[in-house]
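What's in data11.cif: mmCIF, C-alpha atoms
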data_input
#
loop_
_atom_site.label_atom_id
_atom_site.label_comp_id
_atom_site.auth_asym_id
_atom_site.auth_seq_id
_atom_site.Cartn_x
_atom_site.Cartn_y
_atom_site.Cartn_z
CA MET A 15 7.98 15.12 13.19
CA ASP A 16 4.82 13.39 14.45
CA TRP A 17 3.52 10.03 13.27
CA LEU A 18 1.32 11.51 10.54
CA GLU A 19 4.20 13.52 9.06
CA ALA A 20 6.38 10.41 9.30
CA VAL A 21 3.90 8.39 7.22
CA GLY A 22 3.97 11.08 4.52
CA SER A 23 7.75 11.31 4.63
CA LEU A 24 8.24 7.55 4.23
CA ARG A 25 5.82 7.47 1.31
CA GLU A 26 7.56 10.40 -0.36
CA GLU A 27 10.97 8.77 0.06
CA GLY A 28 9.76 5.35 -1.07
CA ARG A 29 10.74 3.70 2.23
CA PRO A 30 8.71 0.96 3.98
CA GLY A 31 7.49 1.27 7.56
CA VAL A 32 4.88 0.09 10.04
CA LEU A 33 2.15 2.11 11.76
CA ALA A 34 1.58 0.89 15.34
CA THR A 35 -1.69 1.83 17.08
CA VAL A 36 -2.86 1.07 20.62
CA VAL A 37 -6.31 -0.34 19.84
CA SER A 38 -7.47 -1.36 23.34
CA VAL A 39 -6.48 -0.84 26.96
CA ARG A 40 -7.74 -2.61 30.11
CA GLY A 41 -6.62 -1.25 33.45
CA HIS A 42 -3.53 0.91 33.77
CA ALA A 43 -1.23 1.41 30.77
CA PRO A 44 1.41 3.95 29.68
CA ARG A 45 -0.68 5.23 26.73
CA GLU A 46 -4.36 5.46 25.92
CA ALA A 47 -6.19 3.70 23.07
CA GLY A 48 -5.48 5.52 19.82
CA ALA A 49 -1.85 6.32 20.61
CA LYS A 50 0.33 5.77 17.54
CA MET A 51 3.92 5.47 16.46
CA VAL A 52 5.66 4.84 13.15
CA VAL A 53 8.56 2.42 12.84
CA ALA A 54 11.07 2.39 9.99
CA GLN A 55 14.11 0.14 9.69
CA ASP A 56 16.36 2.86 11.11
CA ALA A 57 14.08 5.28 12.98
CA THR A 58 10.86 5.69 14.99
CA TRP A 59 8.41 8.55 15.51
CA ASP A 60 6.02 9.08 18.47
CA SER A 61 5.36 6.43 21.10
CA VAL A 62 2.95 3.67 22.15
CA GLY A 63 4.18 3.60 25.72
CA GLY A 64 7.89 2.95 26.10
CA GLY A 65 9.52 0.13 28.00
CA ASN A 66 9.19 -3.51 27.00
CA LEU A 67 5.89 -2.91 25.22
CA GLU A 68 7.39 -0.41 22.81
CA ALA A 69 10.62 -2.35 22.35
CA GLU A 70 8.65 -5.48 21.40
CA VAL A 71 6.53 -3.47 18.98
CA ILE A 72 9.65 -2.04 17.32
CA ASP A 73 11.28 -5.48 17.08
CA ARG A 74 8.23 -7.04 15.44
CA ALA A 75 7.63 -4.04 13.16
CA ARG A 76 11.21 -4.22 11.85
CA ALA A 77 10.89 -7.96 11.32
CA MET A 78 7.72 -7.30 9.28
CA ILE A 79 9.61 -4.74 7.17
CA ALA A 80 12.43 -7.23 6.56
CA GLU A 81 9.90 -9.93 5.59
CA GLY A 82 7.98 -7.59 3.29
CA ALA A 83 4.80 -8.38 5.24
CA GLY A 84 1.62 -7.12 3.61
CA LEU A 85 -0.99 -7.97 6.26
CA PRO A 86 -1.59 -6.29 9.64
CA GLU A 87 -0.90 -8.04 12.93
CA THR A 88 -2.09 -7.56 16.51
CA LEU A 89 0.15 -7.95 19.56
CA ALA A 90 -1.19 -8.37 23.10
CA PHE A 91 0.74 -7.33 26.23
CA ALA A 92 0.09 -8.05 29.91
CA LEU A 93 1.82 -5.34 31.93
CA ASN A 94 2.57 -7.05 35.27
CA GLU A 95 5.53 -8.41 37.18
CA HIS A 96 4.66 -12.05 36.44
CA VAL A 97 5.31 -11.77 32.70
CA ALA A 98 8.72 -12.73 31.32
CA ASN A 99 9.89 -9.81 29.13
CA ARG A 100 12.89 -9.48 26.85
CA HIS A 101 13.34 -5.77 27.48
CA GLY A 102 12.73 -5.34 31.20
CA ARG A 103 9.70 -5.36 33.49
CA GLN A 104 6.65 -3.17 32.97
CA CYS A 105 4.34 -3.27 35.99
CA CYS A 106 1.48 -0.89 35.16
CA GLY A 107 -0.97 -3.72 35.81
CA GLY A 108 -3.10 -3.42 32.69
CA GLU A 109 -3.44 -5.13 29.33
CA VAL A 110 -2.79 -3.55 25.93
CA GLN A 111 -3.39 -4.58 22.34
CA VAL A 112 -1.37 -2.96 19.56
CA LEU A 113 -2.21 -3.15 15.85
CA LEU A 114 0.76 -3.20 13.43
CA GLU A 115 -0.10 -2.06 9.88
CA PRO A 116 2.54 -2.29 7.13
CA LEU A 117 3.22 0.92 5.21
CA ASN A 118 4.44 -0.71 2.05
CA VAL A 119 6.36 1.13 -0.64
CA ASP A 120 4.35 2.06 -3.71
CA PRO A 121 5.46 0.04 -6.77
CA VAL A 122 7.83 1.83 -9.16
CA VAL A 123 6.86 1.76 -12.85
CA ALA A 124 8.87 3.36 -15.65
CA ILE A 125 7.54 3.88 -19.18
CA PHE A 126 10.25 4.54 -21.75
CA GLY A 127 8.57 6.15 -24.74
CA LEU A 128 5.45 8.33 -24.50
CA GLY A 129 4.07 7.67 -27.94
CA HIS A 130 0.50 6.51 -28.52
CA VAL A 131 0.69 3.33 -26.42
CA GLY A 132 2.99 4.80 -23.77
CA TYR A 133 0.67 7.76 -23.27
CA GLU A 134 -2.42 5.55 -22.91
CA LEU A 135 -0.57 3.26 -20.50
CA ALA A 136 0.54 6.28 -18.45
CA ARG A 137 -3.07 7.52 -18.26
CA ILE A 138 -4.25 4.16 -16.88
CA LEU A 139 -1.41 3.68 -14.40
CA SER A 140 -1.68 7.26 -13.15
CA ARG A 141 -4.99 6.22 -11.50
CA LEU A 142 -3.13 3.76 -9.25
CA ARG A 143 -0.92 4.30 -6.21
CA VAL A 144 2.41 3.87 -7.98
CA ARG A 145 5.56 5.90 -8.47
CA LEU A 146 5.39 6.48 -12.21
CA HIS A 147 8.43 7.55 -14.23
CA LEU A 148 7.75 8.84 -17.75
CA VAL A 149 10.84 8.93 -19.95
CA ASP A 150 11.28 10.15 -23.52
CA SER A 151 14.14 11.53 -25.57
CA ARG A 152 11.66 13.85 -27.37
CA ALA A 153 10.72 16.91 -25.32
CA GLY A 154 7.43 17.39 -27.18
CA GLN A 155 6.06 14.07 -25.92
CA LEU A 156 6.45 15.33 -22.35
CA ASP A 157 4.70 18.68 -22.78
CA PRO A 158 2.84 19.49 -19.51
CA LEU A 159 -0.42 20.17 -21.36
CA ARG A 160 -0.22 16.76 -23.09
CA LEU A 161 0.42 15.04 -19.77
CA ALA A 162 -2.15 17.01 -17.75
CA ASP A 163 -4.47 13.98 -17.69
CA VAL A 164 -1.64 11.83 -16.33
CA THR A 165 -0.29 14.15 -13.66
CA ALA A 166 -3.80 14.77 -12.27
CA GLY A 167 -4.09 11.20 -10.93
CA PRO A 168 -3.06 9.80 -7.53
CA ALA A 169 0.20 8.33 -8.87
CA ALA A 170 3.44 10.13 -7.99
CA VAL A 171 4.59 11.08 -11.50
CA VAL A 172 8.18 11.97 -12.37
CA VAL A 173 8.85 13.23 -15.90
CA HIS A 174 12.28 12.76 -17.50
CA HIS A 175 13.35 14.38 -20.76
CA ALA A 176 16.38 12.17 -21.38
CA PRO A 177 18.32 12.23 -24.67
CA ALA A 178 20.16 9.21 -23.19
CA PRO A 179 17.28 7.36 -21.47
CA GLU A 180 19.53 4.58 -20.18
CA THR A 181 20.77 7.07 -17.55
CA VAL A 182 17.27 7.10 -16.05
CA LEU A 183 17.16 3.32 -16.16
CA ARG A 184 20.30 3.09 -14.04
CA ALA A 185 18.73 5.29 -11.35
CA LEU A 186 15.65 3.06 -10.88
CA PRO A 187 15.43 0.93 -7.72
CA ALA A 188 15.73 -2.83 -7.79
CA GLY A 189 12.46 -4.51 -8.73
CA ALA A 190 11.11 -1.56 -10.72
CA HIS A 191 8.69 -2.50 -13.51
CA VAL A 192 10.06 -1.17 -16.80
CA TYR A 193 8.22 -0.90 -20.12
CA VAL A 194 10.33 -0.26 -23.20
CA MET A 195 8.22 1.22 -26.00
CA THR A 196 10.15 4.05 -27.61
CA HIS A 197 9.76 5.36 -31.17
CA ASP A 198 13.14 3.89 -32.17
CA HIS A 199 14.06 0.19 -32.23
CA GLY A 200 17.70 1.16 -31.74
CA GLU A 201 16.79 2.99 -28.55
CA ASP A 202 14.69 0.00 -27.45
CA PHE A 203 17.69 -2.29 -27.94
CA LEU A 204 20.04 -0.04 -25.95
CA LEU A 205 17.54 0.03 -23.08
CA CYS A 206 17.17 -3.77 -23.10
CA ASP A 207 20.96 -4.14 -23.09
CA ALA A 208 21.33 -1.67 -20.20
CA ALA A 209 18.53 -3.37 -18.23
CA LEU A 210 20.20 -6.77 -18.54
CA HIS A 211 23.50 -5.28 -17.38
CA GLN A 212 21.69 -3.87 -14.34
CA GLY A 213 20.06 -7.23 -13.70
CA ASP A 214 17.48 -6.30 -11.05
CA LEU A 215 14.56 -4.91 -13.08
CA ASP A 216 11.29 -6.40 -14.33
CA VAL A 217 11.37 -5.55 -18.05
CA GLY A 218 8.70 -5.75 -20.73
CA LEU A 219 9.40 -4.86 -24.36
CA ILE A 220 6.63 -3.88 -26.77
CA GLY A 221 6.79 -5.52 -30.16
CA SER A 222 6.12 -8.61 -32.21
CA ALA A 223 7.60 -12.06 -31.83
CA ALA A 224 9.75 -11.31 -34.89
CA LYS A 225 11.17 -8.17 -33.26
CA TRP A 226 11.99 -10.11 -30.11
CA ALA A 227 13.70 -12.87 -32.10
CA ARG A 228 16.04 -10.26 -33.63
CA PHE A 229 16.67 -8.58 -30.28
CA ARG A 230 17.26 -11.93 -28.58
CA ARG A 231 19.95 -12.95 -31.08
CA ARG A 232 21.72 -9.62 -30.72
CA LEU A 233 21.54 -9.65 -26.90
CA LEU A 234 22.96 -13.16 -26.80
CA ALA A 235 25.74 -11.99 -29.11
CA GLU A 236 26.47 -9.21 -26.60
CA GLY A 237 27.15 -11.88 -23.98
CA HIS A 238 23.90 -11.82 -22.02
CA ASP A 239 22.78 -15.22 -20.74
CA ASP A 240 19.57 -13.99 -19.09
CA VAL A 241 17.83 -12.55 -22.15
CA ASP A 242 14.59 -14.43 -21.47
CA SER A 243 14.05 -12.39 -18.31
CA ILE A 244 12.72 -9.73 -20.72
CA ARG A 245 9.08 -10.29 -21.62
CA CYS A 246 8.18 -9.72 -25.25
CA PRO A 247 5.46 -9.53 -26.40
CA VAL A 248 3.86 -7.89 -23.34
CA GLY A 249 0.25 -7.88 -22.22
CA LEU A 250 -2.37 -10.47 -21.39
CA PRO A 251 -3.06 -13.24 -23.89
CA GLY A 252 -6.34 -13.24 -25.75
CA ILE A 253 -6.54 -9.48 -26.30
CA ALA A 254 -6.04 -9.10 -30.02
CA GLY A 255 -6.87 -5.41 -30.44
CA LYS A 256 -4.11 -3.20 -31.81
CA ALA A 257 -5.59 0.17 -30.85
CA PRO A 258 -3.21 1.97 -28.44
CA ALA A 259 -5.82 1.99 -25.66
CA ALA A 260 -6.47 -1.75 -26.04
CA ILE A 261 -2.76 -2.53 -25.92
CA ALA A 262 -2.36 -0.30 -22.87
CA VAL A 263 -5.24 -2.01 -21.04
CA SER A 264 -3.67 -5.40 -21.77
CA ILE A 265 -0.29 -4.33 -20.41
CA ALA A 266 -1.81 -2.65 -17.33
CA ALA A 267 -3.83 -5.79 -16.55
CA GLU A 268 -0.67 -7.91 -16.80
CA LEU A 269 1.08 -5.54 -14.40
CA LEU A 270 -1.80 -5.81 -11.91
CA GLU A 271 -1.48 -9.60 -12.05
CA THR A 272 2.22 -9.24 -11.25
CA LEU A 273 1.61 -6.82 -8.38
CA ASP A 274 -1.09 -9.06 -6.91
CA ARG A 275 1.24 -12.05 -6.95
CA SER A 276 4.10 -10.13 -5.37
CA ALA A 277 1.77 -8.94 -2.60
CA GLY A 278 0.47 -12.48 -2.03
CA ARG A 279 -3.01 -11.62 -3.28
CA THR A 280 -5.14 -13.60 -5.72
CA ARG A 281 -8.44 -12.63 -7.29
CA PRO A 282 -11.47 -14.94 -7.11
CA GLY A 283 -11.83 -17.07 -10.23
CA THR A 284 -8.19 -16.74 -11.32
CA SER A 285 -6.78 -20.20 -11.89
CA ARG A 286 -3.11 -21.08 -11.69
CA ALA A 287 -3.17 -21.96 -15.39
CA ALA A 288 -4.57 -18.53 -16.24
CA THR A 289 -1.98 -16.85 -14.07
CA GLU A 290 0.87 -18.78 -15.68
CA ALA A 291 -0.50 -18.04 -19.16
CA ALA A 292 -0.56 -14.35 -18.32
CA ASP A 293 3.19 -14.44 -17.74
CA ALA A 294 3.80 -15.35 -21.35
CA GLY A 295 2.20 -12.19 -22.77
CA SER A 296 0.65 -11.96 -26.22
CA PHE A 297 1.00 -8.47 -27.65
CA LYS A 298 1.99 -8.26 -31.29
CA GLU A 299 3.17 -4.96 -32.66
#
Would you kindly transcribe this structure into structure tokens?
Amino acid sequence: MDWLEAVGSLREEGRPGVLATVVSVRGHAPREAGAKMVVAQDATWDSVGGGNLEAEVIDRARAMIAEGAGLPETLAFALNEHVANRHGRQCCGGEVQVLLEPLNVDPVVAIFGLGHVGYELARILSRLRVRLHLVDSRAGQLDPLRLADVTAGPAAVVVHHAPAPETVLRALPAGAHVYVMTHDHGEDFLLCDAALHQGDLDVGLIGSAAKWARFRRRLLAEGHDDVDSIRCPVGLPGIAGKAPAAIAVSIAAELLETLDRSAGRTRPGTSRAATEAADAGSFKE
């Protein structure tokens, strides 16, 4: 496949990569400005010129993938016999600049329970570039006509009718953002228990402080020592509205804070104190 197909394939598979583009050429060089290649951790597609130039680009691109780099970088190459190269001489005589742009994996978000709040949250998140899993044990909540507003957005939406929703939980990748908000507190508890056993998910539970106190005691009794990794209540503090849309906006805003921090971004005017307060959440059922 060519570089453009490779970008689409990596995005579809949820795999990171780097797009390398020759942005300028002076003198003689193996490829012209605009030449592109895509680098993944275990494969490459197309070429920016071969030889030491391309080998250096691949090395740096794979290091960026391993580091989880979010910002582009530019590499400069002098193609003459006087330059010390790690991967052999390249004596075209020109100079080349290559831009490396990370192709980061879209965040994975899973909503367990498509009731009033879950549906409104799905509508909001479907407008973002995320991989959105919608899970419910009730087939009617997942009717295609009901979800038409959700599936029309840019998010990659996967719908799961799961009488045992914990099976979907176990299939989620490490670091997935999970929201537990089913119609049944017993189902909520089973999902929290399964998530703690898995140990590599970011989990938020909808409910009041009283609900969490009961869940916390029971989870501790089950032998979990990391119960406080689950956030409950969820959502930004200071939003007191209990309408489903208001709750969903609060939760979505908290998620955006989390995604910004994980990507190393901050928004103007956001203080550290405000960011730390957001972690605590404030939703009350």
I need the output of the PyMOL selection byres ((chain A and resi 76) around 9) for this file as a list in words; which residues are they?
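Selection result, ordered by chain and number: Gly31, Val32, Val53, Ala54, Gln55, Asp56, Val71, Ile72, Asp73, Arg74, Ala75, Ala77, Met78, Ile79, Ala80 and Glu81 of chain A.
Atom CA of Leu113 of chain A sits 9.0 Å away from atom CA of Ala90 of chain A.
Reported to one decimal place, the separation of atom CA of Phe126 of chain A from atom CA of Val171 of chain A is 13.4 Å.
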Please expand the PyMOL selection byres ((chain A and resi 125) around 7) into the concrete residues it hits in this file, giving the result as a ChimeraX atom specification.
/A:123-124,126-127,132,147-149,192-194
Which is closer to Gly129 of chain A than all the others in A:Thr196, A:Thr272, A:Thr88, A:Asn66, using only C-alpha atoms?
A:Thr196
Once the PyMOL selection byres ((chain A and resi 33-36) around 6) has been evaluated on this model, what residues remain selected, and can you format them as a ChimeraX atom specification?
/A:32,37-38,47-52,111-115
Looking at all atoms listed in the file, which of A:Met195, A:Leu205, A:Leu215, A:Leu250 is the one that sits closest to Leu135 of chain A?
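Of A:Met195, A:Leu205, A:Leu215, A:Leu250, the one nearest Leu135 of chain A is A:Met195, counting all atoms listed in the file.
Between atom CA of His42 of chain A and atom CA of Leu117 of chain A there is a distance of 29.3 Å.
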Quick one: residues within 8 Å of Ala169 of chain A, all atoms listed in the file, excluding same-chain residues fewer than 2 positions away - as a PyMOL selection string?
chain A and resi 139-146+165+167+171
Any chance you can output those residues with C-alpha atoms as a CSV table (one decimal), keeping the file's coordinate frame?
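Resulting contents of result.csv:
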chain,number,residue,atom,x,y,z
A,139,LEU,CA,-1.4,3.7,-14.4
A,140,SER,CA,-1.7,7.3,-13.2
A,141,ARG,CA,-5.0,6.2,-11.5
A,142,LEU,CA,-3.1,3.8,-9.2
A,143,ARG,CA,-0.9,4.3,-6.2
A,144,VAL,CA,2.4,3.9,-8.0
A,145,ARG,CA,5.6,5.9,-8.5
A,146,LEU,CA,5.4,6.5,-12.2
A,165,THR,CA,-0.3,14.2,-13.7
A,167,GLY,CA,-4.1,11.2,-10.9
A,171,VAL,CA,4.6,11.1,-11.5
Repair of segment 132-147 of chain A at the level of N, CA, C and O atoms, as an mmCIF file, in the coordinates of the input:
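To be explicit, this is the file written out as out21.cif:
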data_model
loop_
_atom_site.group_PDB
_atom_site.id
_atom_site.type_symbol
_atom_site.label_atom_id
_atom_site.label_comp_id
_atom_site.auth_asym_id
_atom_site.auth_seq_id
_atom_site.Cartn_x
_atom_site.Cartn_y
_atom_site.Cartn_z
ATOM 1 N N GLY A 132 2.424 4.348 -25.036
ATOM 2 C CA GLY A 132 2.990 4.800 -23.770
ATOM 3 C C GLY A 132 2.119 5.823 -23.078
ATOM 4 O O GLY A 132 1.931 5.783 -21.855
ATOM 5 N N TYR A 133 1.563 6.741 -23.845
ATOM 6 C CA TYR A 133 0.670 7.760 -23.270
ATOM 7 C C TYR A 133 -0.584 7.118 -22.683
ATOM 8 O O TYR A 133 -0.991 7.439 -21.557
ATOM 9 N N GLU A 134 -1.214 6.199 -23.423
ATOM 10 C CA GLU A 134 -2.420 5.550 -22.910
ATOM 11 C C GLU A 134 -2.111 4.709 -21.670
ATOM 12 O O GLU A 134 -2.891 4.675 -20.710
ATOM 13 N N LEU A 135 -0.958 4.038 -21.667
ATOM 14 C CA LEU A 135 -0.570 3.260 -20.500
ATOM 15 C C LEU A 135 -0.333 4.177 -19.297
ATOM 16 O O LEU A 135 -0.746 3.863 -18.167
ATOM 17 N N ALA A 136 0.315 5.320 -19.532
ATOM 18 C CA ALA A 136 0.540 6.280 -18.450
ATOM 19 C C ALA A 136 -0.778 6.777 -17.880
ATOM 20 O O ALA A 136 -0.927 6.931 -16.654
ATOM 21 N N ARG A 137 -1.759 7.048 -18.736
ATOM 22 C CA ARG A 137 -3.070 7.520 -18.260
ATOM 23 C C ARG A 137 -3.709 6.490 -17.337
ATOM 24 O O ARG A 137 -4.265 6.835 -16.288
ATOM 25 N N ILE A 138 -3.638 5.204 -17.710
ATOM 26 C CA ILE A 138 -4.250 4.160 -16.880
ATOM 27 C C ILE A 138 -3.509 4.020 -15.549
ATOM 28 O O ILE A 138 -4.115 4.016 -14.475
ATOM 29 N N LEU A 139 -2.182 3.916 -15.616
ATOM 30 C CA LEU A 139 -1.410 3.680 -14.400
ATOM 31 C C LEU A 139 -1.415 4.877 -13.460
ATOM 32 O O LEU A 139 -1.224 4.724 -12.252
ATOM 33 N N SER A 140 -1.648 6.069 -14.002
ATOM 34 C CA SER A 140 -1.680 7.260 -13.150
ATOM 35 C C SER A 140 -2.848 7.234 -12.178
ATOM 36 O O SER A 140 -2.874 8.010 -11.223
ATOM 37 N N ARG A 141 -3.822 6.349 -12.395
ATOM 38 C CA ARG A 141 -4.990 6.220 -11.500
ATOM 39 C C ARG A 141 -4.711 5.252 -10.367
ATOM 40 O O ARG A 141 -5.586 5.016 -9.528
ATOM 41 N N LEU A 142 -3.512 4.693 -10.306
ATOM 42 C CA LEU A 142 -3.130 3.760 -9.250
ATOM 43 C C LEU A 142 -2.113 4.413 -8.324
ATOM 44 O O LEU A 142 -1.460 5.386 -8.679
ATOM 45 N N ARG A 143 -1.945 3.821 -7.140
ATOM 46 C CA ARG A 143 -0.920 4.300 -6.210
ATOM 47 C C ARG A 143 0.415 3.680 -6.603
ATOM 48 O O ARG A 143 0.802 2.621 -6.085
ATOM 49 N N VAL A 144 1.091 4.295 -7.544
ATOM 50 C CA VAL A 144 2.410 3.870 -7.980
ATOM 51 C C VAL A 144 3.295 5.090 -8.108
ATOM 52 O O VAL A 144 2.816 6.226 -8.163
ATOM 53 N N ARG A 145 4.606 4.853 -8.133
ATOM 54 C CA ARG A 145 5.560 5.900 -8.470
ATOM 55 C C ARG A 145 5.880 5.722 -9.952
ATOM 56 O O ARG A 145 6.517 4.750 -10.340
ATOM 57 N N LEU A 146 5.405 6.643 -10.765
ATOM 58 C CA LEU A 146 5.390 6.480 -12.210
ATOM 59 C C LEU A 146 6.402 7.398 -12.871
ATOM 60 O O LEU A 146 6.282 8.623 -12.809
ATOM 61 N N HIS A 147 7.412 6.795 -13.508
ATOM 62 C CA HIS A 147 8.430 7.550 -14.230
ATOM 63 C C HIS A 147 8.097 7.534 -15.722
ATOM 64 O O HIS A 147 7.907 6.457 -16.305
#
